[in-house]
file work19.csv (CSV, C-alpha atoms)
chain,number,residue,atom,x,y,z
R,1089,MET,CA,-7.9,-215.9,108.9
R,1090,ARG,CA,-4.8,-216.1,111.1
R,1091,LEU,CA,-1.6,-214.4,110.1
R,1092,VAL,CA,1.8,-215.9,110.9
R,1093,HIS,CA,4.5,-213.7,112.3
R,1094,VAL,CA,7.9,-214.3,110.9
R,1095,SER,CA,10.7,-214.0,113.4
R,1096,LEU,CA,13.8,-212.1,112.7
R,1097,ARG,CA,15.7,-213.4,115.7
R,1098,SER,CA,17.9,-215.4,113.4
R,1099,TRP,CA,19.9,-212.2,112.8
R,1100,TRP,CA,20.7,-211.7,116.5
R,1101,TRP,CA,24.4,-212.6,116.1
R,1102,GLY,CA,25.1,-210.4,113.1
R,1103,GLU,CA,25.2,-207.0,114.6
R,1104,PRO,CA,27.4,-207.8,117.6
R,1105,LEU,CA,29.8,-209.8,115.5
R,1106,ALA,CA,30.2,-207.1,112.9
R,1107,ALA,CA,30.4,-204.5,115.6
R,1108,THR,CA,33.2,-206.4,117.4
R,1109,PHE,CA,35.2,-206.4,114.2
R,1110,GLY,CA,34.5,-202.7,113.8
R,1111,GLY,CA,35.7,-202.1,117.3
R,1112,LEU,CA,38.9,-204.1,116.6
R,1113,GLY,CA,39.4,-202.2,113.4
R,1114,GLY,CA,38.8,-198.9,115.1
R,1115,ALA,CA,41.4,-199.7,117.8
R,1116,TRP,CA,43.9,-200.6,115.1
R,1117,ILE,CA,43.3,-197.3,113.3
R,1118,GLY,CA,43.7,-195.4,116.6
R,1119,HIS,CA,46.9,-197.3,117.4
R,1120,ASP,CA,48.7,-197.1,114.0
R,1121,ASP,CA,49.9,-193.6,113.0
R,1122,ASP,CA,50.5,-194.7,109.4
R,1123,LEU,CA,46.8,-195.4,108.7
R,1124,PRO,CA,44.6,-192.7,107.0
R,1125,MET,CA,42.3,-191.8,109.8
R,1126,ASP,CA,40.9,-188.7,108.1
R,1127,GLU,CA,39.8,-190.7,105.1
R,1128,VAL,CA,38.2,-193.5,107.2
R,1129,LEU,CA,36.4,-190.8,109.3
R,1130,GLY,CA,35.0,-189.2,106.1
R,1131,VAL,CA,33.7,-192.5,104.8
R,1132,ALA,CA,32.2,-193.6,108.1
R,1133,VAL,CA,30.4,-190.3,108.6
R,1134,SER,CA,28.9,-190.4,105.1
R,1135,MET,CA,27.7,-194.0,105.5
R,1136,VAL,CA,26.1,-193.3,108.8
R,1137,GLY,CA,24.4,-190.2,107.5
R,1138,VAL,CA,23.0,-192.1,104.5
R,1139,ILE,CA,21.8,-195.0,106.6
R,1140,ILE,CA,20.0,-192.7,109.2
R,1141,GLY,CA,18.4,-190.8,106.4
R,1142,SER,CA,17.2,-194.0,104.7
R,1143,VAL,CA,15.8,-195.3,108.0
R,1144,PHE,CA,13.8,-192.2,108.6
R,1145,ALA,CA,12.4,-192.5,105.1
R,1146,VAL,CA,11.4,-196.1,105.7
R,1147,LEU,CA,9.8,-195.2,109.0
R,1148,ALA,CA,7.8,-192.5,107.3
R,1149,MET,CA,6.5,-195.0,104.8
R,1150,ILE,CA,5.6,-197.6,107.5
R,1151,THR,CA,3.8,-195.1,109.7
R,1152,ARG,CA,2.0,-193.7,106.7
R,1153,ALA,CA,0.6,-197.2,106.1
R,1154,CYS,CA,-0.7,-197.4,109.7
R,1155,ASP,CA,-3.9,-195.6,109.1
R,1156,ASN,CA,-7.1,-196.4,111.1
R,1157,THR,CA,-8.3,-198.9,108.6
R,1158,PHE,CA,-5.1,-200.9,108.7
R,1159,LEU,CA,-4.9,-200.9,112.5
R,1160,ARG,CA,-8.5,-202.1,112.8
R,1161,LYS,CA,-7.8,-205.0,110.4
R,1162,ALA,CA,-4.6,-205.8,112.2
R,1163,ARG,CA,-6.4,-205.9,115.5
R,1164,LYS,CA,-9.1,-208.2,114.0
R,1165,ALA,CA,-6.4,-210.5,112.6
R,1166,ARG,CA,-4.7,-210.6,116.0
R,1167,LEU,CA,-1.4,-209.4,114.9
R,1168,LEU,CA,1.4,-208.4,117.2
R,1169,PRO,CA,1.6,-204.6,118.0
R,1170,VAL,CA,2.8,-202.8,115.0
R,1171,VAL,CA,5.6,-201.2,117.0
R,1172,ASN,CA,7.3,-204.6,117.1
R,1173,TYR,CA,8.2,-204.1,113.5
R,1174,LEU,CA,9.8,-200.7,114.1
R,1175,TRP,CA,12.4,-201.7,116.8
R,1176,PRO,CA,15.1,-202.6,114.3
R,1177,PHE,CA,14.8,-199.1,112.8
R,1178,PHE,CA,15.0,-197.5,116.3
R,1179,THR,CA,18.1,-199.5,117.1
R,1180,ILE,CA,19.8,-198.3,113.9
R,1181,ILE,CA,18.9,-194.7,114.7
R,1182,ALA,CA,20.3,-195.0,118.2
R,1183,MET,CA,23.5,-196.7,117.1
R,1184,GLY,CA,23.9,-194.2,114.3
R,1185,ILE,CA,23.6,-191.3,116.7
R,1186,LEU,CA,26.2,-192.9,119.0
R,1187,SER,CA,28.4,-193.4,115.9
R,1188,ILE,CA,28.2,-189.8,115.0
R,1189,VAL,CA,29.1,-188.8,118.6
R,1190,PHE,CA,32.2,-191.1,118.7
R,1191,LEU,CA,33.2,-190.0,115.2
R,1192,LEU,CA,33.0,-186.3,116.3
R,1193,LEU,CA,35.2,-187.2,119.3
R,1194,MET,CA,37.6,-188.9,116.9
R,1195,ALA,CA,37.8,-185.9,114.7
R,1196,GLY,CA,38.3,-183.6,117.7
R,1197,ILE,CA,41.1,-185.5,119.4
R,1198,SER,CA,44.6,-184.1,118.9
R,1199,GLU,CA,47.3,-186.1,117.3
R,1200,ASP,CA,49.3,-185.6,120.5
R,1201,ALA,CA,46.6,-187.3,122.6
R,1202,PRO,CA,47.5,-190.5,124.4
R,1203,THR,CA,47.3,-193.6,122.2
R,1204,LEU,CA,45.0,-195.4,124.7
R,1205,LEU,CA,42.5,-192.5,124.5
R,1206,LEU,CA,42.6,-192.5,120.7
R,1207,MET,CA,42.3,-196.3,120.5
R,1208,THR,CA,39.3,-196.3,122.9
R,1209,VAL,CA,37.4,-193.6,121.0
R,1210,SER,CA,38.3,-195.2,117.6
R,1211,ALA,CA,37.2,-198.6,118.8
R,1212,SER,CA,33.9,-197.2,120.1
R,1213,ALA,CA,33.3,-195.4,116.8
R,1214,GLY,CA,34.1,-198.6,114.8
R,1215,PHE,CA,31.9,-200.7,117.0
R,1216,CYS,CA,28.9,-198.3,116.6
R,1217,VAL,CA,29.4,-197.7,112.9
R,1218,LEU,CA,29.5,-201.4,112.0
R,1219,TRP,CA,26.5,-202.1,114.3
R,1220,THR,CA,24.6,-199.5,112.3
R,1221,LEU,CA,25.6,-201.1,109.0
R,1222,ALA,CA,24.9,-204.6,110.1
R,1223,GLY,CA,21.5,-203.5,111.5
R,1224,LEU,CA,20.3,-202.8,108.0
R,1225,LEU,CA,19.6,-206.5,107.2
R,1226,PRO,CA,17.2,-207.2,110.1
R,1227,ALA,CA,15.6,-203.8,109.4
R,1228,LEU,CA,15.0,-204.7,105.8
R,1229,GLY,CA,13.6,-208.0,106.9
R,1230,ALA,CA,11.2,-206.2,109.2
R,1231,LEU,CA,10.2,-204.0,106.3
R,1232,ILE,CA,9.5,-207.0,104.1
R,1233,VAL,CA,7.5,-208.8,106.9
R,1234,PHE,CA,5.5,-205.6,107.5
R,1235,THR,CA,4.8,-205.2,103.8
R,1236,ARG,CA,3.5,-208.8,103.7
R,1237,LEU,CA,1.2,-208.0,106.7
R,1238,ILE,CA,-0.2,-205.0,104.8
R,1239,GLU,CA,-0.9,-207.3,101.9
R,1240,LYS,CA,-2.5,-210.0,104.0
R,1241,THR,CA,-4.7,-207.6,106.0
R,1242,SER,CA,-6.2,-206.3,102.7
R,1243,GLY,CA,-8.3,-209.5,102.7
R,1244,VAL,CA,-9.7,-208.9,106.2
R,1245,ASN,CA,-13.1,-207.4,106.4
R,1246,ASP,CA,-13.7,-204.2,108.4
call {"tool": "encode", "arguments": {"input": "work19.csv", "output": "structure tokens"}}
result
Amino acid sequence: MRLVHVSLRSWWWGEPLAATFGGLGGAWIGHDDDLPMDEVLGVAVSMVGVIIGSVFAVLAMITRACDNTFLRKARKARLLPVVNYLWPFFTIIAMGILSIVFLLLMAGISEDAPTLLLMTVSASAGFCVLWTLAGLLPALGALIVFTRLIEKTSGVND
């Protein structure tokens, strides 16, 4: 029995595109004094925190499924290394941590700071936050593919 690997490469454009819009929005928020930066900061921090927590929960479920029996069956079925299905989650965690760092910088910058500095930090925060959000779709796709692999390997004999 040969299992087919489903590629998630069709999402490759989603994260950079969303992140670019996030960077532009962040620069706009950093440039315009009339926009509610504190409210945007609060929402962004909350979303990134929830996403990182969810990703850790999903990683715990996936790694729990990777017991010796499953790994033996996956090797017999000639599947790709299991770690290939975890990369979207690692990317979300990395971008989420960068988001938090830039959001902390945003929160710590004085209102009297140069506009260019505020725009740069805000653009970086917006870029990372929206990359984190857009990364959920490929990660959920990887979770679905991994779940299908668990189901298909159940028919492989030890």
call {"tool": "atom_distance", "arguments": {"input": "work19.csv", "atom1": "atom CA of Gly1223 of chain R", "atom2": "atom CA of Tyr1173 of chain R"}}
result
13.5 Å
call {"tool": "atom_distance", "arguments": {"input": "work19.csv", "atom1": "atom CA of Ala1115 of chain R", "atom2": "atom CA of Glu1127 of chain R"}}
result
15.6 Å
call {"tool": "closest_residue", "arguments": {"input": "work19.csv", "among": "R:Gly1214, R:Gly1229, R:Gly1196, R:Gly1243", "to": "Ile1117 of chain R", "atoms": "all atoms listed in the file"}}
result
R:Gly1214
call {"tool": "closest_residue", "arguments": {"input": "work19.csv", "among": "R:Leu1193, R:Cys1154, R:Cys1216, R:Leu1206", "to": "Met1135 of chain R", "atoms": "all atoms listed in the file"}}
result
R:Cys1216
call {"tool": "closest_residue", "arguments": {"input": "work19.csv", "among": "R:Ile1180, R:Val1171, R:Ile1139, R:Leu1205", "to": "Pro1226 of chain R", "atoms": "only C-alpha atoms"}}
result
R:Ile1180
call {"tool": "closest_residue", "arguments": {"input": "work19.csv", "among": "R:Leu1105, R:Ala1213, R:Leu1159, R:Leu1167", "to": "Met1125 of chain R", "atoms": "only C-alpha atoms"}}
result
R:Ala1213
call {"tool": "residues_around", "arguments": {"input": "work19.csv", "residues": "Ala1148 of chain R", "least_positions_apart": "5", "cutoff": "12 Å", "atoms": "only C-alpha atoms", "output": "PyMOL selection string"}}
result
chain R and resi 1141-1143+1153-1154+1174+1177+1231
call {"tool": "closest_residue", "arguments": {"input": "work19.csv", "among": "R:Pro1176, R:Gly1130, R:Pro1169, R:Pro1202", "to": "Glu1103 of chain R", "atoms": "only C-alpha atoms"}}
result
R:Pro1176
call {"tool": "atom_distance", "arguments": {"input": "work19.csv", "atom1": "atom CA of Ala1106 of chain R", "atom2": "atom CA of Thr1220 of chain R"}}
result
9.5 Å
call {"tool": "residues_around", "arguments": {"input": "work19.csv", "residues": "Leu1191 of chain R", "least_positions_apart": "3", "cutoff": "12 Å", "atoms": "only C-alpha atoms", "output": "PyMOL selection string"}}
result
chain R and resi 1114+1118+1125-1126+1128-1137+1183-1188+1194-1197+1206+1208-1217
call {"tool": "closest_residue", "arguments": {"input": "work19.csv", "among": "R:Met1207, R:Leu1147, R:Leu1237, R:Ala1222", "to": "Asp1121 of chain R", "atoms": "all atoms listed in the file"}}
result
R:Met1207
